[in-house]
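Peer 1: Handing over my_file16.cif, mmCIF, C-alpha atoms.
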```cif
data_coords
#
loop_
_atom_site.group_PDB
_atom_site.id
_atom_site.type_symbol
_atom_site.label_atom_id
_atom_site.label_comp_id
_atom_site.auth_asym_id
_atom_site.auth_seq_id
_atom_site.Cartn_x
_atom_site.Cartn_y
_atom_site.Cartn_z
ATOM 1 C CA MET A 1333 -25.236 -25.046 8.876
ATOM 2 C CA GLN A 1334 -23.381 -27.415 11.184
ATOM 3 C CA GLY A 1335 -23.345 -26.600 14.893
ATOM 4 C CA PRO A 1336 -25.445 -24.079 16.764
ATOM 5 C CA THR A 1337 -26.555 -20.893 15.031
ATOM 6 C CA PRO A 1338 -24.512 -17.930 16.276
ATOM 7 C CA GLU A 1339 -26.381 -15.676 18.683
ATOM 8 C CA VAL A 1340 -26.302 -11.936 19.173
ATOM 9 C CA GLY A 1341 -23.851 -11.132 21.941
ATOM 10 C CA GLN A 1342 -21.797 -14.256 21.366
ATOM 11 C CA GLU A 1343 -18.122 -13.573 21.972
ATOM 12 C CA LEU A 1344 -15.493 -15.049 19.680
ATOM 13 C CA PRO A 1345 -12.697 -16.909 21.482
ATOM 14 C CA PRO A 1346 -9.839 -14.386 21.634
ATOM 15 C CA LEU A 1347 -6.455 -14.946 20.029
ATOM 16 C CA THR A 1348 -3.277 -13.421 21.401
ATOM 17 C CA TRP A 1349 0.182 -12.586 20.113
ATOM 18 C CA THR A 1350 3.261 -11.041 21.660
ATOM 19 C CA PRO A 1351 4.791 -9.041 18.815
ATOM 20 C CA GLY A 1352 8.470 -8.469 18.279
ATOM 21 C CA PHE A 1353 11.073 -8.724 15.573
ATOM 22 C CA ASP A 1354 10.604 -12.494 15.246
ATOM 23 C CA VAL A 1355 6.945 -11.923 14.327
ATOM 24 C CA TRP A 1356 7.432 -8.777 12.235
ATOM 25 C CA ASN A 1357 10.373 -10.097 10.223
ATOM 26 C CA ARG A 1358 8.382 -13.132 9.148
ATOM 27 C CA PHE A 1359 5.568 -10.899 7.986
ATOM 28 C CA ALA A 1360 7.956 -8.485 6.274
ATOM 29 C CA ALA A 1361 9.359 -11.445 4.348
ATOM 30 C CA VAL A 1362 6.002 -12.435 2.855
ATOM 31 C CA ASN A 1363 4.552 -8.941 2.406
ATOM 32 C CA ASP A 1364 7.700 -7.134 1.227
ATOM 33 C CA GLU A 1365 7.519 -4.764 4.155
ATOM 34 C CA PHE A 1366 11.084 -4.207 5.284
ATOM 35 C CA VAL A 1367 10.483 -0.652 6.425
ATOM 36 C CA PRO A 1368 12.839 0.934 9.010
ATOM 37 C CA ILE A 1369 10.056 1.704 11.526
ATOM 38 C CA HIS A 1370 9.344 -2.041 11.705
ATOM 39 C CA MET A 1371 12.992 -3.106 11.903
ATOM 40 C CA ASP A 1372 14.891 -0.517 13.857
ATOM 41 C CA ASP A 1373 14.111 0.908 17.314
ATOM 42 C CA GLU A 1374 15.854 4.166 16.441
ATOM 43 C CA ALA A 1375 13.601 4.618 13.410
ATOM 44 C CA GLY A 1376 10.580 3.868 15.587
ATOM 45 C CA ARG A 1377 11.652 6.537 18.095
ATOM 46 C CA ALA A 1378 12.227 9.037 15.288
ATOM 47 C CA ALA A 1379 8.612 8.462 14.277
ATOM 48 C CA GLY A 1380 7.440 9.279 17.793
ATOM 49 C CA TYR A 1381 7.085 5.822 19.331
ATOM 50 C CA PRO A 1382 9.053 4.153 22.134
ATOM 51 C CA ALA A 1383 10.693 1.702 19.720
ATOM 52 C CA ALA A 1384 10.064 -0.123 16.452
ATOM 53 C CA PHE A 1385 6.438 -1.055 15.932
ATOM 54 C CA GLY A 1386 4.372 -3.553 13.997
ATOM 55 C CA MET A 1387 2.713 -3.451 10.608
ATOM 56 C CA GLY A 1388 -0.919 -2.441 10.313
ATOM 57 C CA TYR A 1389 -1.558 -5.155 7.757
ATOM 58 C CA LEU A 1390 -0.362 -7.796 10.223
ATOM 59 C CA GLN A 1391 -3.092 -6.613 12.619
ATOM 60 C CA TRP A 1392 -5.466 -6.995 9.693
ATOM 61 C CA SER A 1393 -4.255 -10.583 9.213
ATOM 62 C CA TRP A 1394 -4.739 -11.370 12.893
ATOM 63 C CA ALA A 1395 -8.315 -10.089 12.719
ATOM 64 C CA HIS A 1396 -8.847 -12.434 9.775
ATOM 65 C CA ASN A 1397 -7.370 -15.350 11.726
ATOM 66 C CA LEU A 1398 -10.048 -14.669 14.338
ATOM 67 C CA LEU A 1399 -12.798 -14.596 11.719
ATOM 68 C CA ARG A 1400 -11.554 -17.783 10.067
ATOM 69 C CA GLU A 1401 -11.811 -19.572 13.418
ATOM 70 C CA PHE A 1402 -15.383 -18.334 13.744
ATOM 71 C CA ALA A 1403 -16.322 -19.192 10.153
ATOM 72 C CA GLY A 1404 -14.899 -22.715 10.314
ATOM 73 C CA ASP A 1405 -15.197 -24.931 7.234
ATOM 74 C CA GLN A 1406 -18.792 -23.932 6.487
ATOM 75 C CA GLY A 1407 -18.753 -20.179 6.945
ATOM 76 C CA ARG A 1408 -17.734 -17.503 4.485
ATOM 77 C CA ILE A 1409 -16.120 -14.171 5.278
ATOM 78 C CA ASP A 1410 -18.025 -11.683 3.133
ATOM 79 C CA LYS A 1411 -16.767 -8.307 4.315
ATOM 80 C CA VAL A 1412 -14.245 -6.871 6.746
ATOM 81 C CA GLN A 1413 -13.709 -3.241 7.662
ATOM 82 C CA GLY A 1414 -11.193 -1.799 10.100
ATOM 83 C CA SER A 1415 -9.493 1.450 11.125
ATOM 84 C CA PHE A 1416 -5.835 1.518 12.012
ATOM 85 C CA ARG A 1417 -5.872 3.492 15.270
ATOM 86 C CA ALA A 1418 -2.492 2.652 16.776
ATOM 87 C CA PRO A 1419 0.473 0.415 16.043
ATOM 88 C CA SER A 1420 1.362 -2.625 18.121
ATOM 89 C CA LEU A 1421 4.485 -2.164 20.174
ATOM 90 C CA LYS A 1422 7.288 -4.600 20.765
ATOM 91 C CA GLY A 1423 6.579 -6.965 23.643
ATOM 92 C CA VAL A 1424 3.065 -5.627 24.307
ATOM 93 C CA GLU A 1425 0.540 -8.459 23.969
ATOM 94 C CA VAL A 1426 -2.136 -8.025 21.313
ATOM 95 C CA THR A 1427 -5.546 -9.655 21.602
ATOM 96 C CA ALA A 1428 -7.869 -10.170 18.639
ATOM 97 C CA GLY A 1429 -11.506 -10.473 19.654
ATOM 98 C CA GLY A 1430 -15.024 -10.039 18.432
ATOM 99 C CA ARG A 1431 -18.707 -10.193 19.193
ATOM 100 C CA VAL A 1432 -21.785 -11.075 17.134
ATOM 101 C CA THR A 1433 -23.976 -7.969 16.874
ATOM 102 C CA GLU A 1434 -26.732 -9.136 14.527
ATOM 103 C CA VAL A 1435 -27.960 -12.403 13.012
ATOM 104 C CA THR A 1436 -30.291 -12.351 10.013
ATOM 105 C CA HIS A 1437 -31.171 -14.556 7.054
ATOM 106 C CA ASP A 1438 -30.705 -13.510 3.461
ATOM 107 C CA PRO A 1439 -33.375 -14.330 0.828
ATOM 108 C CA THR A 1440 -31.764 -17.741 0.191
ATOM 109 C CA GLY A 1441 -31.935 -18.627 3.890
ATOM 110 C CA ARG A 1442 -28.248 -18.130 4.445
ATOM 111 C CA VAL A 1443 -27.398 -17.134 8.027
ATOM 112 C CA VAL A 1444 -25.715 -13.732 7.980
ATOM 113 C CA CYS A 1445 -23.791 -12.625 11.071
ATOM 114 C CA GLU A 1446 -22.614 -9.092 11.604
ATOM 115 C CA LEU A 1447 -19.761 -8.718 14.029
ATOM 116 C CA GLU A 1448 -17.833 -6.101 15.902
ATOM 117 C CA ILE A 1449 -14.165 -7.043 15.796
ATOM 118 C CA TRP A 1450 -10.991 -5.610 17.235
ATOM 119 C CA THR A 1451 -7.377 -5.972 18.070
ATOM 120 C CA ARG A 1452 -6.365 -4.389 21.354
ATOM 121 C CA ALA A 1453 -3.171 -3.770 23.276
ATOM 122 C CA ALA A 1454 -2.615 -5.277 26.717
ATOM 123 C CA ASP A 1455 -4.057 -2.167 28.412
ATOM 124 C CA GLY A 1456 -7.265 -2.528 26.410
ATOM 125 C CA SER A 1457 -6.563 0.368 24.079
ATOM 126 C CA PRO A 1458 -7.863 -0.163 20.528
ATOM 127 C CA LEU A 1459 -5.405 -0.891 17.746
ATOM 128 C CA LEU A 1460 -7.714 -2.019 14.948
ATOM 129 C CA PRO A 1461 -11.443 -1.719 15.675
ATOM 130 C CA GLY A 1462 -13.781 -2.778 12.919
ATOM 131 C CA THR A 1463 -16.740 -4.751 11.714
ATOM 132 C CA ALA A 1464 -17.231 -7.909 9.672
ATOM 133 C CA VAL A 1465 -19.897 -9.968 7.952
ATOM 134 C CA VAL A 1466 -19.638 -13.765 8.047
ATOM 135 C CA SER A 1467 -22.327 -15.980 6.557
ATOM 136 C CA PHE A 1468 -23.211 -19.647 6.853
ATOM 137 C CA PRO A 1469 -25.257 -22.037 4.699
ATOM 138 C CA ALA A 1470 -28.993 -22.216 5.328
ATOM 139 C CA GLU A 1471 -29.982 -24.156 8.423
ATOM 140 C CA GLY A 1472 -31.430 -27.648 8.181
ATOM 141 C CA MET B 917 -14.863 19.719 13.335
ATOM 142 C CA SER B 918 -13.648 23.049 12.065
ATOM 143 C CA THR B 919 -13.651 24.090 8.427
ATOM 144 C CA PRO B 920 -10.180 24.210 6.902
ATOM 145 C CA VAL B 921 -9.084 27.780 6.192
ATOM 146 C CA SER B 922 -7.469 26.672 2.947
ATOM 147 C CA THR B 923 -7.887 23.486 1.055
ATOM 148 C CA LEU B 924 -5.305 20.795 0.427
ATOM 149 C CA ILE B 925 -7.369 19.537 -2.498
ATOM 150 C CA SER B 926 -6.317 21.398 -5.625
ATOM 151 C CA GLU B 927 -8.489 21.640 -8.715
ATOM 152 C CA ALA B 928 -6.093 19.260 -10.458
ATOM 153 C CA MET B 929 -6.529 16.713 -7.651
ATOM 154 C CA ALA B 930 -10.307 17.015 -7.651
ATOM 155 C CA GLY B 931 -10.263 16.581 -11.407
ATOM 156 C CA LYS B 932 -8.584 13.204 -11.075
ATOM 157 C CA ILE B 933 -11.268 11.600 -8.912
ATOM 158 C CA GLY B 934 -12.343 8.435 -10.693
ATOM 159 C CA ALA B 935 -9.043 8.133 -12.570
ATOM 160 C CA GLU B 936 -7.134 4.872 -12.710
ATOM 161 C CA VAL B 937 -4.119 5.089 -10.411
ATOM 162 C CA SER B 938 -2.529 1.730 -11.080
ATOM 163 C CA ARG B 939 -3.010 -1.629 -12.745
ATOM 164 C CA ARG B 940 -0.994 -4.600 -11.527
ATOM 165 C CA VAL B 941 -0.923 -8.231 -12.595
ATOM 166 C CA SER B 942 0.421 -10.844 -10.211
ATOM 167 C CA PHE B 943 2.549 -13.830 -11.006
ATOM 168 C CA PRO B 944 0.582 -17.073 -10.659
ATOM 169 C CA VAL B 945 -0.126 -17.699 -6.974
ATOM 170 C CA SER B 946 1.670 -20.825 -5.756
ATOM 171 C CA ALA B 947 1.021 -23.250 -2.920
ATOM 172 C CA SER B 948 4.377 -22.182 -1.519
ATOM 173 C CA ASP B 949 3.265 -18.518 -1.463
ATOM 174 C CA ILE B 950 0.151 -19.527 0.467
ATOM 175 C CA ARG B 951 2.084 -21.736 2.876
ATOM 176 C CA LYS B 952 4.624 -19.030 3.713
ATOM 177 C CA TRP B 953 1.962 -16.344 4.159
ATOM 178 C CA ALA B 954 0.034 -18.569 6.553
ATOM 179 C CA MET B 955 3.173 -19.445 8.500
ATOM 180 C CA ALA B 956 3.907 -15.750 8.969
ATOM 181 C CA VAL B 957 0.436 -14.610 10.028
ATOM 182 C CA TYR B 958 -0.198 -17.526 12.400
ATOM 183 C CA TYR B 959 3.337 -17.551 13.862
ATOM 184 C CA PRO B 960 4.244 -18.762 16.490
ATOM 185 C CA LYS B 961 1.251 -21.096 16.206
ATOM 186 C CA HIS B 962 0.863 -23.656 13.432
ATOM 187 C CA PRO B 963 -1.409 -22.458 10.653
ATOM 188 C CA PRO B 964 -4.423 -24.621 9.787
ATOM 189 C CA ARG B 965 -3.562 -27.684 7.720
ATOM 190 C CA ARG B 966 -5.396 -26.384 4.670
ATOM 191 C CA TYR B 967 -2.613 -23.830 4.251
ATOM 192 C CA TRP B 968 0.417 -26.094 4.471
ATOM 193 C CA ASP B 969 -0.310 -29.825 4.290
ATOM 194 C CA ALA B 970 -0.422 -30.981 0.642
ATOM 195 C CA GLU B 971 -1.813 -34.392 1.574
ATOM 196 C CA TYR B 972 -4.644 -32.756 3.518
ATOM 197 C CA VAL B 973 -5.360 -30.330 0.664
ATOM 198 C CA ASP B 974 -5.481 -33.214 -1.827
ATOM 199 C CA ARG B 975 -7.621 -35.441 0.401
ATOM 200 C CA GLU B 976 -10.034 -32.917 1.931
ATOM 201 C CA LEU B 977 -10.058 -30.026 -0.533
ATOM 202 C CA GLY B 978 -9.625 -31.772 -3.857
ATOM 203 C CA GLY B 979 -6.186 -30.256 -4.288
ATOM 204 C CA ARG B 980 -7.552 -26.712 -4.088
ATOM 205 C CA TRP B 981 -5.142 -24.454 -2.197
ATOM 206 C CA VAL B 982 -7.156 -21.429 -1.116
ATOM 207 C CA ALA B 983 -5.115 -18.486 0.130
ATOM 208 C CA PRO B 984 -5.934 -16.719 3.399
ATOM 209 C CA HIS B 985 -8.380 -13.925 2.602
ATOM 210 C CA GLU B 986 -5.928 -11.089 3.179
ATOM 211 C CA PHE B 987 -3.083 -12.751 1.220
ATOM 212 C CA ASN B 988 -1.128 -10.266 -0.906
ATOM 213 C CA PRO B 989 -0.329 -11.725 -4.355
ATOM 214 C CA PHE B 990 1.566 -8.575 -5.354
ATOM 215 C CA ALA B 991 4.338 -8.626 -2.748
ATOM 216 C CA TRP B 992 7.918 -8.161 -3.917
ATOM 217 C CA MET B 993 7.353 -8.178 -7.665
ATOM 218 C CA THR B 994 4.596 -8.244 -10.227
ATOM 219 C CA ALA B 995 4.369 -9.794 -13.673
ATOM 220 C CA ASP B 996 3.073 -6.466 -14.966
ATOM 221 C CA PRO B 997 4.540 -3.906 -14.491
ATOM 222 C CA PRO B 998 7.508 -6.263 -14.708
ATOM 223 C CA GLY B 999 10.265 -6.415 -12.129
ATOM 224 C CA PHE B 1000 10.715 -4.543 -8.908
ATOM 225 C CA PRO B 1001 8.397 -1.566 -8.345
ATOM 226 C CA GLU B 1002 10.093 1.589 -9.581
ATOM 227 C CA VAL B 1003 7.985 3.917 -7.460
ATOM 228 C CA ASP B 1004 8.847 5.165 -3.995
ATOM 229 C CA ARG B 1005 6.001 3.677 -1.966
ATOM 230 C CA LEU B 1006 6.899 5.882 0.989
ATOM 231 C CA ASP B 1007 6.410 9.101 -1.003
ATOM 232 C CA PRO B 1008 3.299 10.822 0.435
ATOM 233 C CA ASP B 1009 2.555 12.352 -2.996
ATOM 234 C CA LEU B 1010 2.795 9.050 -4.853
ATOM 235 C CA VAL B 1011 -0.853 8.990 -5.950
ATOM 236 C CA GLU B 1012 -0.725 12.444 -7.494
ATOM 237 C CA LYS B 1013 2.691 11.917 -9.078
ATOM 238 C CA THR B 1014 1.386 8.717 -10.627
ATOM 239 C CA LEU B 1015 -1.508 10.722 -12.052
ATOM 240 C CA GLY B 1016 0.859 13.352 -13.429
ATOM 241 C CA ILE B 1017 -0.170 16.193 -11.129
ATOM 242 C CA ALA B 1018 1.326 17.948 -8.125
ATOM 243 C CA GLY B 1019 0.459 16.542 -4.711
ATOM 244 C CA PRO B 1020 -0.220 18.532 -1.570
ATOM 245 C CA GLY B 1021 3.352 18.036 -0.347
ATOM 246 C CA LEU B 1022 2.456 16.828 3.102
ATOM 247 C CA ARG B 1023 5.188 15.197 5.134
ATOM 248 C CA PHE B 1024 3.576 12.254 6.872
ATOM 249 C CA GLN B 1025 1.242 9.486 5.764
ATOM 250 C CA LEU B 1026 -0.590 6.729 7.584
ATOM 251 C CA ASN B 1027 -2.806 3.862 6.543
ATOM 252 C CA GLY B 1028 -6.158 4.935 7.951
ATOM 253 C CA GLY B 1029 -8.148 1.810 7.269
ATOM 254 C CA LEU B 1030 -9.431 -0.864 4.960
ATOM 255 C CA ASP B 1031 -12.855 -2.014 3.853
ATOM 256 C CA VAL B 1032 -12.822 -5.211 1.816
ATOM 257 C CA GLU B 1033 -15.643 -7.143 0.186
ATOM 258 C CA TYR B 1034 -14.757 -10.771 -0.530
ATOM 259 C CA HIS B 1035 -16.492 -12.142 -3.598
ATOM 260 C CA GLY B 1036 -14.389 -15.211 -4.280
ATOM 261 C CA ASP B 1037 -11.282 -17.143 -3.326
ATOM 262 C CA VAL B 1038 -7.716 -16.612 -4.425
ATOM 263 C CA VAL B 1039 -6.502 -20.109 -5.304
ATOM 264 C CA ALA B 1040 -3.083 -21.498 -6.204
ATOM 265 C CA GLY B 1041 -2.630 -21.058 -9.935
ATOM 266 C CA ASP B 1042 -4.638 -17.844 -10.077
ATOM 267 C CA VAL B 1043 -3.297 -14.719 -11.731
ATOM 268 C CA ILE B 1044 -4.805 -11.662 -10.058
ATOM 269 C CA THR B 1045 -5.216 -8.262 -11.700
ATOM 270 C CA ALA B 1046 -5.688 -5.263 -9.412
ATOM 271 C CA VAL B 1047 -7.052 -2.012 -10.818
ATOM 272 C CA ARG B 1048 -6.883 0.920 -8.431
ATOM 273 C CA VAL B 1049 -9.060 3.985 -8.900
ATOM 274 C CA LEU B 1050 -8.914 7.250 -6.980
ATOM 275 C CA ASP B 1051 -12.229 7.276 -5.142
ATOM 276 C CA GLY B 1052 -12.057 10.664 -3.484
ATOM 277 C CA TYR B 1053 -10.513 13.183 -1.139
ATOM 278 C CA THR B 1054 -11.786 14.675 2.075
ATOM 279 C CA GLU B 1055 -10.019 16.874 4.588
ATOM 280 C CA ARG B 1056 -10.403 18.146 8.075
ATOM 281 C CA SER B 1057 -8.492 19.946 10.762
ATOM 282 C CA GLY B 1058 -7.371 17.880 13.703
ATOM 283 C CA ARG B 1059 -4.825 17.607 16.453
ATOM 284 C CA LEU B 1060 -2.084 17.123 13.879
ATOM 285 C CA GLY B 1061 -3.142 20.082 11.777
ATOM 286 C CA GLN B 1062 -4.890 19.932 8.453
ATOM 287 C CA MET B 1063 -5.313 16.315 7.403
ATOM 288 C CA LEU B 1064 -6.056 14.910 3.981
ATOM 289 C CA PHE B 1065 -7.945 11.642 3.604
ATOM 290 C CA THR B 1066 -7.523 9.853 0.289
ATOM 291 C CA THR B 1067 -9.643 6.843 -0.594
ATOM 292 C CA ASN B 1068 -8.699 4.373 -3.285
ATOM 293 C CA ARG B 1069 -10.901 1.596 -4.579
ATOM 294 C CA GLU B 1070 -9.104 -1.444 -5.917
ATOM 295 C CA THR B 1071 -10.847 -4.286 -7.716
ATOM 296 C CA TRP B 1072 -9.167 -7.675 -7.954
ATOM 297 C CA THR B 1073 -10.148 -10.047 -10.719
ATOM 298 C CA ASN B 1074 -8.786 -13.472 -11.540
ATOM 299 C CA GLN B 1075 -7.716 -14.876 -14.905
ATOM 300 C CA ARG B 1076 -11.329 -15.773 -15.706
ATOM 301 C CA GLY B 1077 -12.440 -12.183 -15.212
ATOM 302 C CA GLU B 1078 -14.253 -13.000 -11.957
ATOM 303 C CA ILE B 1079 -14.157 -10.316 -9.270
ATOM 304 C CA VAL B 1080 -12.592 -11.794 -6.155
ATOM 305 C CA GLN B 1081 -12.219 -8.693 -3.968
ATOM 306 C CA VAL B 1082 -13.202 -5.028 -3.873
ATOM 307 C CA ARG B 1083 -10.920 -3.126 -1.531
ATOM 308 C CA ARG B 1084 -11.275 0.434 -0.270
ATOM 309 C CA GLN B 1085 -8.232 1.869 1.435
ATOM 310 C CA THR B 1086 -8.074 5.230 3.161
ATOM 311 C CA GLY B 1087 -4.756 6.971 3.508
ATOM 312 C CA ILE B 1088 -4.202 9.856 5.907
ATOM 313 C CA ARG B 1089 -1.683 12.578 5.166
ATOM 314 C CA TYR B 1090 -0.733 15.498 7.378
#
```
As structure tokens, how would this structure be written, given the file I've shared?
Peer 2:
Amino acid sequence: MQGPTPEVGQELPPLTWTPGFDVWNRFAAVNDEFVPIHMDDEAGRAAGYPAAFGMGYLQWSWAHNLLREFAGDQGRIDKVQGSFRAPSLKGVEVTAGGRVTEVTHDPTGRVVCELEIWTRAADGSPLLPGTAVVSFPAEG
Amino acid sequence: MSTPVSTLISEAMAGKIGAEVSRRVSFPVSASDIRKWAMAVYYPKHPPRRYWDAEYVDRELGGRWVAPHEFNPFAWMTADPPGFPEVDRLDPDLVEKTLGIAGPGLRFQLNGGLDVEYHGDVVAGDVITAVRVLDGYTERSGRLGQMLFTTNRETWTNQRGEIVQVRRQTGIRY
């Protein structure tokens, strides 16, 4: 692989977003997700939240953006798992982050990294915690 | 965890585990679909060039437009079933109604989580077929009362019959 081999404990550079209707409407347009709770504060309040809130699958996309940055041109995202714990709220910054938890080699010599990943709200509360596997070509 | 006093999982529901819930075929994925998806999920930042710059894709990637991993080729409309979806996707009993049985009639539903194995790329020009199978039900009592967890397994294959993704989605109803 090109560049240094990932190490256990290595933190992925975080990515941040400030969600709101400008972000959600763009995602609704490509994912056919024009649902009242994502478009209308009143509908969000009726569902028990302070206002309209974001789509879970957009959180999922942001976690993948993070993994794509880590994988670069050489790496391959093999598996991603996540639990939708809480929605992102309008104007509350979301951070996508991750950490390498294990580095092994498969029988072909490919470097296999297991990661803990997450998106979190500004107060640190988890929105989408999960795990991922990203692999890289054999070293040398 | 306490044991539910009565079950939400009827015999009819249990009998459908392993049944095919849906089969969808996408329209051919286009470079424009990929570009717009990337613009939306990277907004307000620019997406990487490989998702929007045709000259870059031709020069560096041999003209191969690879979609972001989580790209949804089934949004808005599918080639098969044709036209707009006729089902009410917000109906909590949709899975059971699709299978021709009564659902538990719970009021609320949430997307509990996803677990996706990526086996190959989705590339412009691909036609993706998704076959969804009911994987199982579990239930437990929680803060919101008795909750039903439904897991579906969906396998995506391309027009060459190659598996590109295996997706497990857990829905929560209460």
Peer 1: To box range 1395-1407 of chain A, take all atoms listed in the file, fit an axis-aligned box, add 5 Å on each side, and give centre and edge lengths in Å to one decimal, as JSON.
Peer 2:
```
{"center_x": -13.1, "center_y": -17.5, "center_z": 10.4, "size_x": 21.4, "size_y": 24.8, "size_z": 17.9}
```
Peer 1: For range 970-1019 of chain B versus range 1084-1088 of chain B, which residues have an atom no more than 12 Å away, and what is each residue's nearest atom pair and distance in Å rounded to one decimal, using only C-alpha atoms, chain-then-number order, as a Markdown table?
Peer 2:
```
| residue | atom | partner | partner_atom | distance |
| --- | --- | --- | --- | --- |
| B:Leu1006 | CA | B:Gly1087 | CA | 12.0 |
| B:Pro1008 | CA | B:Ile1088 | CA | 9.3 |
| B:Asp1009 | CA | B:Gly1087 | CA | 11.2 |
| B:Leu1010 | CA | B:Gly1087 | CA | 11.5 |
| B:Val1011 | CA | B:Gly1087 | CA | 10.4 |
```
Peer 1: What are the residues of chain B lining chain A at 8 Å or less? Count all atoms listed in the file, and put the answer as a tab-separated table (two decimals) with C-alpha atoms, in the frame of the given file.
Peer 2:
```tsv
chain	number	residue	atom	x	y	z
B	949	ASP	CA	3.26	-18.52	-1.46
B	952	LYS	CA	4.62	-19.03	3.71
B	953	TRP	CA	1.96	-16.34	4.16
B	956	ALA	CA	3.91	-15.75	8.97
B	957	VAL	CA	0.44	-14.61	10.03
B	958	TYR	CA	-0.20	-17.53	12.40
B	959	TYR	CA	3.34	-17.55	13.86
B	960	PRO	CA	4.24	-18.76	16.49
B	985	HIS	CA	-8.38	-13.92	2.60
B	986	GLU	CA	-5.93	-11.09	3.18
B	988	ASN	CA	-1.13	-10.27	-0.91
B	991	ALA	CA	4.34	-8.63	-2.75
B	992	TRP	CA	7.92	-8.16	-3.92
B	1027	ASN	CA	-2.81	3.86	6.54
B	1028	GLY	CA	-6.16	4.93	7.95
B	1029	GLY	CA	-8.15	1.81	7.27
B	1030	LEU	CA	-9.43	-0.86	4.96
B	1031	ASP	CA	-12.86	-2.01	3.85
B	1032	VAL	CA	-12.82	-5.21	1.82
B	1033	GLU	CA	-15.64	-7.14	0.19
B	1034	TYR	CA	-14.76	-10.77	-0.53
B	1035	HIS	CA	-16.49	-12.14	-3.60
```
Peer 1: Rounded to one decimal, what separation in Å do you get between CA of Met1063 in chain B and CA of Leu924 in chain B?
Peer 2: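 According to the coordinates, CA of Met1063 in chain B and CA of Leu924 in chain B are separated by 8.3 Å.
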Peer 1: Going by the chain IDs and residue numbers used in this file, which residues fall under the PyMOL selection byres ((chain A and resi 1448-1457) around 6)? Write them as a list in words.
Peer 2: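 Applying the expression gives Glu1425, Val1426, Thr1427, Ala1428, Gly1429, Gly1430, Arg1431, Leu1447, Pro1458, Leu1459, Leu1460, Pro1461, Gly1462 and Thr1463 of chain A.
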Peer 1: With the file shown as input, list the residues that the PyMOL selection byres ((chain B and resi 938-942) around 7) selects, as a list in words.
Peer 2: Glu936, Val937, Phe943, Pro944, Pro989, Phe990, Thr994, Ala995, Asp996, Pro997, Val1043, Ile1044, Thr1045, Ala1046, Val1047 and Arg1048 of chain B
Peer 1: I'd like the interatomic distance between CA of Arg965 in chain B and CA of Pro1469 in chain A, to a tenth of an Å.
Peer 2: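 According to the coordinates, CA of Arg965 in chain B and CA of Pro1469 in chain A are separated by 22.6 Å.
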Peer 1: With distances taken over all atoms listed in the file, which of B:Trp981, B:Tyr1053, B:Phe987, B:Phe1000 is nearest to Ser926 in chain B?
Peer 2: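 That would be B:Tyr1053, the residue with the smallest distance to Ser926 in chain B.
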Peer 1: Given all atoms listed in the file as the basis, pick out the residue of B:Arg1069, B:Arg1005, B:Arg1056, B:Arg1076 nearest to Val1038 in chain B.
Peer 2: B:Arg1076
Peer 1: Around the point (-2.7, 9.2, -6.4), in the coordinates given by the file, pick out the residues reaching within 10 Å, counting all atoms listed in the file, and return them as a list in words.
Peer 2: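 Those residues lying close to the given coordinates are Met929, Lys932, Ile933, Ala935, Glu936, Val937, Ser938, Pro1008, Asp1009, Leu1010, Val1011, Glu1012, Lys1013, Thr1014, Leu1015, Gly1016, Ile1017, Ala1018, Gly1019, Arg1048, Val1049, Leu1050, Asp1051, Gly1052, Thr1066, Thr1067 and Asn1068 of chain B.
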Peer 1: Rounded to one decimal place, report the CA of Pro1346 in chain A-CA of Leu1398 in chain A distance in Å.
Peer 2: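 We find that CA of Pro1346 in chain A and CA of Leu1398 in chain A lie 7.3 Å from each other.
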Peer 1: Could you pull the residues within 12 Å of Gln1406 in chain A, counting only C-alpha atoms, minus those fewer than 6 positions along the same chain, as a PyMOL selection string?
Peer 2: chain A and resi 1333-1335+1337+1400+1442-1443+1466-1471
Peer 1: I'd like the neighbourhood of Arg980 in chain B as a PDB file with C-alpha atoms, keeping the file's coordinate frame, where a residue qualifies if any of its atoms comes within 8 Å (using only C-alpha atoms), though same-chain residues fewer than 6 positions away should be ignored.
Peer 2:
```pdb
ATOM      1  CA  VAL B 973      -5.360 -30.330   0.664  1.00  0.00           C
ATOM      2  CA  ASP B 974      -5.481 -33.214  -1.827  1.00  0.00           C
ATOM      3  CA  VAL B1039      -6.502 -20.109  -5.304  1.00  0.00           C
ATOM      4  CA  ALA B1040      -3.083 -21.498  -6.204  1.00  0.00           C
TER       5      ALA B1040
END
```
Peer 1: Could you check which residues have any atom within 10 Å of (3.2, 14.5, 18.1), counting all atoms listed in the file with coordinates taken straight from the file, and then list them as an mmCIF file with C-alpha atoms, in the frame of the given file?
Peer 2:
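Ended up saving to out_2.cif:
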```cif
data_model
loop_
_atom_site.group_PDB
_atom_site.id
_atom_site.type_symbol
_atom_site.label_atom_id
_atom_site.label_comp_id
_atom_site.auth_asym_id
_atom_site.auth_seq_id
_atom_site.Cartn_x
_atom_site.Cartn_y
_atom_site.Cartn_z
ATOM 1 C CA ALA A 1379 8.612 8.462 14.277
ATOM 2 C CA GLY A 1380 7.440 9.279 17.793
ATOM 3 C CA TYR A 1381 7.085 5.822 19.331
ATOM 4 C CA ARG B 1059 -4.825 17.607 16.453
ATOM 5 C CA LEU B 1060 -2.084 17.123 13.879
#
```
Peer 1: Go through A:Pro1419, A:Pro1439, A:Pro1345, A:Pro1336 and flag the residue nearest His1370 in chain A, using all atoms listed in the file for the distances.
Peer 2: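 Of A:Pro1419, A:Pro1439, A:Pro1345, A:Pro1336, the one nearest His1370 in chain A is A:Pro1419, counting all atoms listed in the file.
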